[in-house]
Amino acid sequence: MSYSTADSLPTVTLDDVRGAQKMLAGVARVTAMEGSRHLSGLVGAPVHFKCENLQRTGSFKLRGAYVRIAGLLPEERAAGVVAASAGNHAQGVALASSLLGVHSTVFMPTGAPLPKVAATRHYGAEVRLHGTVVDETLAAAQEYAAETGAVFIHPFDHPDIIAGQGTVGLEILEQCPEVRTIVIGIGGGGLAAGIAIAVKSLRPDVRIVGVQAAGAAAYPPSLAAGRPVSIDNPATMADGIKVGRPGDVPFRIVGDLVDEVRTVSEDALSSALLLCLERAKLVVEPAGASPVAALLSTPEEFEGPVVAVLSGGNVDPLLMQRILRHGMAAGGRYLQVRLRLTDRPGALATLLGVLSVVDANVLDVSHVRTDPRLGLTEAEVELHLETKGPEHCAEVGQALRKAGYTVID
C-alpha cells in the first residue's frame, strides 16, 4: 500500500486489488451473476444481481478478512486476532482465521441473533458476548486487543480489507463487461471503496452509486462536510449498513470515486427483500437488498446494463418474518383492519363470508367481546388479511362498508 503525503492515510491501488484476487483464489467463491427480468423491465435495460449472498459465510466479508489476516506477520498471527461484530464480519473473520490457522476471538452483542452466534462458533471463533449495542462490543474487543496483543481486525477501515472487497469489482467487469452502472450498499464504506478502485481504474465510464438506509445515512453529511462525521442513533432494519460514521480510509476513496450516494426508506428495503425472495428466489438480508430498493424507488434514473451487488444473505428468521410482513404491507398485499359488528351467533362467520366473496385471505383474527369501549351488543374484530395489491385493499374496505360494518381507522 502507498501513503498520501497530505494526511498519511493509506491508498489502495488496482495492483493491491489484483494481488488480493490472487490470494483469494480457491478461498472465496466467484459468485454468480443473475439477471432480473422484473427489474430489467422497470429500468428499461438489463439488470443483473452480483450474488455475494451466496459467498462462503453468506456475505462478501470473507474476502477482506482473509486478505487482512493473511497479511499479518508471523508474530502477529501467533498473538491471534480479535473482532467485534453482530454478524457478517464475525463470520468472515472466524472462517478466514480457521483457514489460516490463526486463533480468533469475536465479541458479539448479547442480543445478537442466535443463528449468527452459532455460525461464528461453527467457523472456529471463540465467541464472547458483551454489551447491548455494537459500540460497547467494539470497545470490549479493542480493550481485549490492548491487553492480550491480539490484532484487531476492523470491518472496513483498513487498506487490506478494502483491497479484498475490491475483488468483487474485478469479477463484475469479467462477468458483465458491458456494465454501465453498479449499485452498492454502503455502511462504513469498505465494499464500495474497493469496488470503486477496481472498476474506475479499468472502466472510468462506469457510474457507481452507493446506497444507504435513510435512518443510518452518515455519508451524505460527511461528504458535504468534506470529512467523516458521526450521526446520532442510526436506526434501520439493515444492520449490515447501520454504521454511524464512515471509515477514514474508505471515506476518501468513496468521495473521489463513487459518483453518487443516495438513501432508501425502510418500506423500500422490505419491498426489495420481498422481491429478491419471490422473483429471484434469493434470500437476501436488508443491507444486501439496499441496491434493489434504490432501483425499485427510481428505476428511470439508472442507465443499464446495471449490476446490483447483493452483499449478504444472513438474516435472522424472526426478523425475516417481520420484514416480509412489512414488505407485503408496503406493497399493498397485507391489510390490517379493525371493525365493529353486532355480537350475535354467526356474526363472525357472516363477516368471513364477505371476505371470501372478495377473495381476501384471512391470516389472523382477534375477536373481542368484553371491553368497556364496546356497547352491550357489540364486538370488535381485528383482521390480518393477505391481499393482491392496493386496488384489492380498497375493494376489501368497500365490500366491508357496503355490508354494513363500521371500519375503525
# chains A, B, ... in the order shown; residues from 1 in each chain; ligands from 1
>>> closest_atom_pairs(of="segment 247-348 of chain A", to="segment 150-155 of chain A", cutoff="12 Å", atoms="only C-alpha atoms", output="Markdown table")
| residue | atom | partner | partner_atom | distance |
| --- | --- | --- | --- | --- |
| A:Gly247 | CA | A:Pro155 | CA | 9.4 |
| A:Asp248 | CA | A:His154 | CA | 11.8 |
| A:Val249 | CA | A:His154 | CA | 11.4 |
| A:Pro250 | CA | A:Pro155 | CA | 11.3 |
>>> select_by_dssp(residues="segment 232-319 of chain A", states="helix (DSSP H, G or I)", output="VMD selection string")
chain A and resid 239 to 241 248 to 257 266 to 278 290 to 297 299 to 301 317 to 319
>>> write_last_selection(atoms="N, CA and C atoms", output="CSV table (one decimal), in the first residue's frame")
chain,number,residue,atom,x,y,z
A,239,ASP,N,-29.1,-4.0,9.4
A,239,ASP,CA,-28.0,-3.8,10.4
A,239,ASP,C,-26.6,-3.9,9.7
A,240,GLY,N,-26.5,-4.5,8.5
A,240,GLY,CA,-25.3,-4.7,7.8
A,240,GLY,C,-24.7,-3.3,7.4
A,241,ILE,N,-25.6,-2.3,7.2
A,241,ILE,CA,-25.1,-1.0,6.8
A,241,ILE,C,-25.4,0.1,7.9
A,248,ASP,N,-12.2,6.3,7.9
A,248,ASP,CA,-11.3,7.3,7.4
A,248,ASP,C,-10.8,6.9,6.0
A,249,VAL,N,-10.3,5.6,5.9
A,249,VAL,CA,-9.7,5.2,4.7
A,249,VAL,C,-10.7,5.1,3.5
A,250,PRO,N,-11.8,4.4,3.7
A,250,PRO,CA,-12.8,4.3,2.6
A,250,PRO,C,-13.4,5.6,2.3
A,251,PHE,N,-13.6,6.5,3.3
A,251,PHE,CA,-14.3,7.8,3.0
A,251,PHE,C,-13.6,8.6,1.9
A,252,ARG,N,-12.3,8.7,1.9
A,252,ARG,CA,-11.7,9.5,0.9
A,252,ARG,C,-11.8,8.8,-0.5
A,253,ILE,N,-11.8,7.5,-0.5
A,253,ILE,CA,-11.9,6.8,-1.8
A,253,ILE,C,-13.4,6.9,-2.3
A,254,VAL,N,-14.3,6.8,-1.4
A,254,VAL,CA,-15.7,7.0,-1.9
A,254,VAL,C,-16.0,8.4,-2.4
A,255,GLY,N,-15.4,9.4,-1.6
A,255,GLY,CA,-15.6,10.8,-2.1
A,255,GLY,C,-15.0,11.0,-3.4
A,256,ASP,N,-13.9,10.4,-3.7
A,256,ASP,CA,-13.2,10.6,-5.0
A,256,ASP,C,-13.8,9.8,-6.2
A,257,LEU,N,-14.3,8.6,-5.9
A,257,LEU,CA,-14.6,7.7,-7.0
A,257,LEU,C,-16.1,7.3,-7.1
A,266,GLU,N,-37.3,2.5,4.8
A,266,GLU,CA,-37.5,1.2,5.3
A,266,GLU,C,-38.5,0.4,4.5
A,267,ASP,N,-39.5,1.1,4.0
A,267,ASP,CA,-40.5,0.4,3.2
A,267,ASP,C,-39.9,-0.1,1.9
A,268,ALA,N,-39.0,0.7,1.3
A,268,ALA,CA,-38.3,0.3,0.1
A,268,ALA,C,-37.4,-0.9,0.3
A,269,LEU,N,-36.7,-1.0,1.5
A,269,LEU,CA,-35.9,-2.1,1.9
A,269,LEU,C,-36.7,-3.4,2.0
A,270,SER,N,-37.8,-3.3,2.7
A,270,SER,CA,-38.6,-4.5,2.9
A,270,SER,C,-39.2,-5.0,1.6
A,271,SER,N,-39.6,-4.1,0.7
A,271,SER,CA,-40.2,-4.4,-0.6
A,271,SER,C,-39.1,-5.1,-1.5
A,272,ALA,N,-37.9,-4.6,-1.3
A,272,ALA,CA,-36.7,-5.1,-2.1
A,272,ALA,C,-36.4,-6.5,-1.7
A,273,LEU,N,-36.4,-6.8,-0.4
A,273,LEU,CA,-36.1,-8.1,0.2
A,273,LEU,C,-37.2,-9.1,-0.3
A,274,LEU,N,-38.5,-8.6,-0.3
A,274,LEU,CA,-39.6,-9.5,-0.8
A,274,LEU,C,-39.4,-9.8,-2.3
A,275,LEU,N,-39.0,-8.8,-3.1
A,275,LEU,CA,-38.8,-9.0,-4.5
A,275,LEU,C,-37.7,-10.1,-4.7
A,276,CYS,N,-36.6,-10.0,-4.0
A,276,CYS,CA,-35.5,-10.9,-4.1
A,276,CYS,C,-36.0,-12.3,-3.8
A,277,LEU,N,-36.8,-12.5,-2.8
A,277,LEU,CA,-37.2,-13.8,-2.4
A,277,LEU,C,-38.2,-14.3,-3.4
A,278,GLU,N,-39.2,-13.5,-3.8
A,278,GLU,CA,-40.3,-14.0,-4.6
A,278,GLU,C,-39.9,-14.2,-6.1
A,290,SER,N,-30.4,-3.4,-0.3
A,290,SER,CA,-30.5,-1.9,-0.5
A,290,SER,C,-30.3,-1.4,-1.9
A,291,PRO,N,-29.4,-2.0,-2.7
A,291,PRO,CA,-29.3,-1.6,-4.1
A,291,PRO,C,-30.6,-1.9,-4.9
A,292,VAL,N,-31.3,-3.0,-4.6
A,292,VAL,CA,-32.6,-3.3,-5.2
A,292,VAL,C,-33.6,-2.3,-4.8
A,293,ALA,N,-33.6,-1.8,-3.5
A,293,ALA,CA,-34.5,-0.8,-3.1
A,293,ALA,C,-34.3,0.5,-3.8
A,294,ALA,N,-33.1,0.8,-4.1
A,294,ALA,CA,-32.8,2.1,-4.9
A,294,ALA,C,-33.4,1.9,-6.3
A,295,LEU,N,-33.2,0.8,-6.9
A,295,LEU,CA,-33.7,0.5,-8.3
A,295,LEU,C,-35.2,0.6,-8.3
A,296,LEU,N,-35.9,0.0,-7.3
A,296,LEU,CA,-37.3,0.0,-7.2
A,296,LEU,C,-37.9,1.4,-7.0
A,297,SER,N,-37.1,2.2,-6.3
A,297,SER,CA,-37.6,3.6,-5.9
A,297,SER,C,-37.6,4.5,-7.1
A,299,PRO,N,-36.5,3.7,-10.8
A,299,PRO,CA,-35.8,2.9,-11.9
A,299,PRO,C,-35.4,3.7,-13.1
A,300,GLU,N,-36.1,4.8,-13.3
A,300,GLU,CA,-35.8,5.6,-14.5
A,300,GLU,C,-34.5,6.3,-14.4
A,301,GLU,N,-33.9,6.4,-13.2
A,301,GLU,CA,-32.6,7.2,-13.0
A,301,GLU,C,-31.4,6.3,-13.2
A,317,PRO,N,-34.2,-15.5,11.1
A,317,PRO,CA,-35.5,-15.9,10.6
A,317,PRO,C,-36.7,-15.1,11.2
A,318,LEU,N,-36.5,-14.7,12.5
A,318,LEU,CA,-37.6,-13.9,13.1
A,318,LEU,C,-37.7,-12.5,12.5
A,319,LEU,N,-36.5,-11.9,12.2
A,319,LEU,CA,-36.5,-10.7,11.5
A,319,LEU,C,-37.1,-10.8,10.1
>>> residues_around(residues="Ile182 of chain A", least_positions_apart="6", cutoff="7 Å", atoms="only C-alpha atoms", output="compact mmCIF listing (two decimals) with N, CA and C atoms, in the first residue's frame")
# COMPACT_ATOMS: atom_id res chain seq x y z
N ARG A 207 -20.69 4.22 -14.00
CA ARG A 207 -21.22 5.03 -12.90
C ARG A 207 -21.41 4.14 -11.67
N ILE A 208 -20.94 4.61 -10.53
CA ILE A 208 -21.06 3.85 -9.29
C ILE A 208 -21.95 4.63 -8.32
N VAL A 209 -23.01 3.96 -7.87
CA VAL A 209 -23.99 4.57 -6.98
C VAL A 209 -23.99 3.82 -5.65
N VAL A 306 -27.21 -2.61 -15.63
CA VAL A 306 -26.98 -2.31 -14.22
C VAL A 306 -26.60 -3.59 -13.49
N VAL A 307 -25.62 -3.49 -12.59
CA VAL A 307 -25.30 -4.59 -11.68
C VAL A 307 -25.59 -4.12 -10.25
N ALA A 308 -26.48 -4.81 -9.56
CA ALA A 308 -26.79 -4.54 -8.16
C ALA A 308 -26.08 -5.59 -7.31
>>> atom_distance(atom1="atom CA of Gln175 of chain A", atom2="atom CA of Ala289 of chain A")
20.3 Å
>>> residues_around(residues="Ala399 of chain A", least_positions_apart="6", cutoff="12 Å", atoms="only C-alpha atoms", output="PyMOL selection string")
chain A and resi 351-360+392-393+405-407
>>> write_last_selection(atoms="N, CA and C atoms", output="mmCIF file, in the first residue's frame")
data_model
loop_
_atom_site.group_PDB
_atom_site.id
_atom_site.type_symbol
_atom_site.label_atom_id
_atom_site.label_comp_id
_atom_site.auth_asym_id
_atom_site.auth_seq_id
_atom_site.Cartn_x
_atom_site.Cartn_y
_atom_site.Cartn_z
ATOM 1 N N LEU A 351 -69.161 -12.354 8.564
ATOM 2 C CA LEU A 351 -68.059 -11.457 8.189
ATOM 3 C C LEU A 351 -67.042 -12.178 7.305
ATOM 4 N N LEU A 352 -66.659 -13.375 7.711
ATOM 5 C CA LEU A 352 -65.680 -14.132 6.929
ATOM 6 C C LEU A 352 -66.239 -14.484 5.554
ATOM 7 N N GLY A 353 -67.555 -14.632 5.454
ATOM 8 C CA GLY A 353 -68.171 -14.893 4.161
ATOM 9 C C GLY A 353 -68.020 -13.706 3.221
ATOM 10 N N VAL A 354 -68.154 -12.488 3.760
ATOM 11 C CA VAL A 354 -67.952 -11.279 2.949
ATOM 12 C C VAL A 354 -66.527 -11.243 2.408
ATOM 13 N N LEU A 355 -65.577 -11.566 3.252
ATOM 14 C CA LEU A 355 -64.169 -11.553 2.838
ATOM 15 C C LEU A 355 -63.896 -12.633 1.801
ATOM 16 N N SER A 356 -64.576 -13.752 1.923
ATOM 17 C CA SER A 356 -64.399 -14.834 0.967
ATOM 18 C C SER A 356 -64.862 -14.414 -0.427
ATOM 19 N N VAL A 357 -65.958 -13.659 -0.482
ATOM 20 C CA VAL A 357 -66.505 -13.218 -1.771
ATOM 21 C C VAL A 357 -65.508 -12.333 -2.515
ATOM 22 N N VAL A 358 -64.762 -11.468 -1.759
ATOM 23 C CA VAL A 358 -63.790 -10.571 -2.407
ATOM 24 C C VAL A 358 -62.394 -11.198 -2.453
ATOM 25 N N ASP A 359 -62.301 -12.483 -2.101
ATOM 26 C CA ASP A 359 -61.056 -13.252 -2.246
ATOM 27 C C ASP A 359 -59.902 -12.693 -1.407
ATOM 28 N N ALA A 360 -60.207 -12.272 -0.162
ATOM 29 C CA ALA A 360 -59.169 -11.843 0.774
ATOM 30 C C ALA A 360 -58.816 -13.018 1.676
ATOM 31 N N HIS A 392 -56.902 -4.044 -4.551
ATOM 32 C CA HIS A 392 -57.663 -5.084 -3.852
ATOM 33 C C HIS A 392 -57.946 -4.655 -2.416
ATOM 34 N N CYS A 393 -56.999 -3.961 -1.776
ATOM 35 C CA CYS A 393 -57.227 -3.449 -0.421
ATOM 36 C C CYS A 393 -58.431 -2.515 -0.403
ATOM 37 N N TYR A 405 -70.622 -2.931 7.907
ATOM 38 C CA TYR A 405 -69.687 -2.950 9.017
ATOM 39 C C TYR A 405 -69.055 -1.582 9.219
ATOM 40 N N THR A 406 -68.822 -1.231 10.489
ATOM 41 C CA THR A 406 -68.130 0.009 10.836
ATOM 42 C C THR A 406 -66.630 -0.276 10.903
ATOM 43 N N VAL A 407 -65.895 0.252 9.933
ATOM 44 C CA VAL A 407 -64.446 0.046 9.904
ATOM 45 C C VAL A 407 -63.780 1.136 10.710
#
>>> residues_around(residues="segment 123-134 of chain A", least_positions_apart="2", cutoff="8 Å", atoms="only C-alpha atoms", output="list of chain:residue names")
A:Ala84, A:Ser85, A:Ala86, A:Gln91, A:Ala94, A:Leu95, A:Ser97, A:Ser98, A:His103, A:Ser104, A:Thr105, A:Val106, A:Phe107, A:Met108, A:Pro109, A:Thr110, A:Gly111, A:Val117, A:Ala119, A:Thr120, A:Arg121, A:Glu136, A:Thr137, A:Leu138, A:Ala140
>>> closest_residue(among="A:Thr148, A:Ser311, A:Thr13, A:Asn88", to="Pro113 of chain A", atoms="only C-alpha atoms")
A:Asn88
>>> residues_around(residues="Thr167 of chain A", least_positions_apart="6", cutoff="12 Å", atoms="only C-alpha atoms", output="VMD selection string")
chain A and resid 13 to 25 28 to 31 52 60 to 64 67 160 to 161 173 to 174 190 to 199
>>> decode(residues="segment 312-324 of chain A", atoms="all heavy atoms", output="tab-separated table (two decimals), in the first residue's frame")
chain	number	residue	atom	x	y	z
A	312	GLY	N	-25.11	-9.57	1.04
A	312	GLY	CA	-25.19	-10.62	2.06
A	312	GLY	C	-26.56	-11.23	2.15
A	312	GLY	O	-27.57	-10.65	1.72
A	313	GLY	N	-26.61	-12.43	2.74
A	313	GLY	CA	-27.88	-13.14	2.89
A	313	GLY	C	-28.11	-13.67	4.28
A	313	GLY	O	-28.93	-14.56	4.48
A	314	ASN	N	-27.39	-13.12	5.27
A	314	ASN	CA	-27.54	-13.61	6.64
A	314	ASN	C	-28.61	-12.80	7.37
A	314	ASN	O	-28.37	-11.71	7.88
A	314	ASN	CB	-26.20	-13.48	7.40
A	314	ASN	CG	-25.16	-14.42	6.84
A	314	ASN	OD1	-25.44	-15.57	6.55
A	314	ASN	ND2	-23.94	-13.92	6.67
A	315	VAL	N	-29.80	-13.34	7.40
A	315	VAL	CA	-30.91	-12.65	8.05
A	315	VAL	C	-31.54	-13.60	9.06
A	315	VAL	O	-31.79	-14.77	8.77
A	315	VAL	CB	-31.95	-12.15	7.02
A	315	VAL	CG1	-32.45	-13.30	6.15
A	315	VAL	CG2	-33.11	-11.43	7.68
A	316	ASP	N	-31.76	-13.09	10.26
A	316	ASP	CA	-32.38	-13.88	11.32
A	316	ASP	C	-33.81	-14.25	10.90
A	316	ASP	O	-34.55	-13.39	10.41
A	316	ASP	CB	-32.40	-13.05	12.60
A	316	ASP	CG	-33.07	-13.78	13.75
A	316	ASP	OD1	-32.69	-14.93	14.02
A	316	ASP	OD2	-33.99	-13.20	14.38
A	317	PRO	N	-34.20	-15.53	11.06
A	317	PRO	CA	-35.55	-15.93	10.63
A	317	PRO	C	-36.68	-15.11	11.24
A	317	PRO	O	-37.67	-14.82	10.57
A	317	PRO	CB	-35.63	-17.40	11.07
A	317	PRO	CG	-34.21	-17.87	11.08
A	317	PRO	CD	-33.41	-16.68	11.53
A	318	LEU	N	-36.54	-14.72	12.51
A	318	LEU	CA	-37.59	-13.92	13.14
A	318	LEU	C	-37.67	-12.54	12.51
A	318	LEU	O	-38.76	-12.00	12.28
A	318	LEU	CB	-37.33	-13.81	14.65
A	318	LEU	CG	-37.42	-15.12	15.43
A	318	LEU	CD1	-37.07	-14.88	16.90
A	318	LEU	CD2	-38.82	-15.72	15.31
A	319	LEU	N	-36.51	-11.95	12.22
A	319	LEU	CA	-36.50	-10.66	11.54
A	319	LEU	C	-37.07	-10.81	10.13
A	319	LEU	O	-37.82	-9.95	9.66
A	319	LEU	CB	-35.08	-10.10	11.48
A	319	LEU	CG	-34.90	-8.79	10.71
A	319	LEU	CD1	-35.72	-7.67	11.34
A	319	LEU	CD2	-33.43	-8.40	10.63
A	320	MET	N	-36.72	-11.88	9.46
A	320	MET	CA	-37.24	-12.13	8.12
A	320	MET	C	-38.76	-12.16	8.13
A	320	MET	O	-39.41	-11.58	7.25
A	320	MET	CB	-36.69	-13.45	7.58
A	320	MET	CG	-37.32	-13.91	6.28
A	320	MET	SD	-36.83	-12.95	4.86
A	320	MET	CE	-35.33	-13.84	4.39
A	321	GLN	N	-39.32	-12.81	9.12
A	321	GLN	CA	-40.78	-12.90	9.22
A	321	GLN	C	-41.40	-11.52	9.33
A	321	GLN	O	-42.38	-11.19	8.64
A	321	GLN	CB	-41.16	-13.76	10.42
A	321	GLN	CG	-42.64	-14.05	10.55
A	321	GLN	CD	-42.93	-14.92	11.75
A	321	GLN	OE1	-42.36	-14.74	12.83
A	321	GLN	NE2	-43.82	-15.88	11.58
A	322	ARG	N	-40.81	-10.66	10.19
A	322	ARG	CA	-41.34	-9.31	10.36
A	322	ARG	C	-41.17	-8.47	9.09
A	322	ARG	O	-42.05	-7.72	8.70
A	322	ARG	CB	-40.66	-8.62	11.55
A	322	ARG	CG	-40.97	-9.26	12.89
A	322	ARG	CD	-40.63	-8.33	14.03
A	322	ARG	NE	-39.22	-8.00	14.07
A	322	ARG	CZ	-38.30	-8.69	14.73
A	322	ARG	NH1	-38.65	-9.79	15.39
A	322	ARG	NH2	-37.04	-8.30	14.75
A	323	ILE	N	-40.00	-8.62	8.47
A	323	ILE	CA	-39.71	-7.83	7.27
A	323	ILE	C	-40.65	-8.23	6.13
A	323	ILE	O	-41.15	-7.37	5.39
A	323	ILE	CB	-38.25	-8.01	6.84
A	323	ILE	CG1	-37.32	-7.35	7.85
A	323	ILE	CG2	-38.01	-7.41	5.45
A	323	ILE	CD1	-35.86	-7.64	7.62
A	324	LEU	N	-40.89	-9.51	5.97
A	324	LEU	CA	-41.77	-9.95	4.90
A	324	LEU	C	-43.18	-9.41	5.09
A	324	LEU	O	-43.82	-8.96	4.13
A	324	LEU	CB	-41.80	-11.48	4.83
A	324	LEU	CG	-40.51	-12.15	4.35
A	324	LEU	CD1	-40.67	-13.66	4.35
A	324	LEU	CD2	-40.14	-11.66	2.96
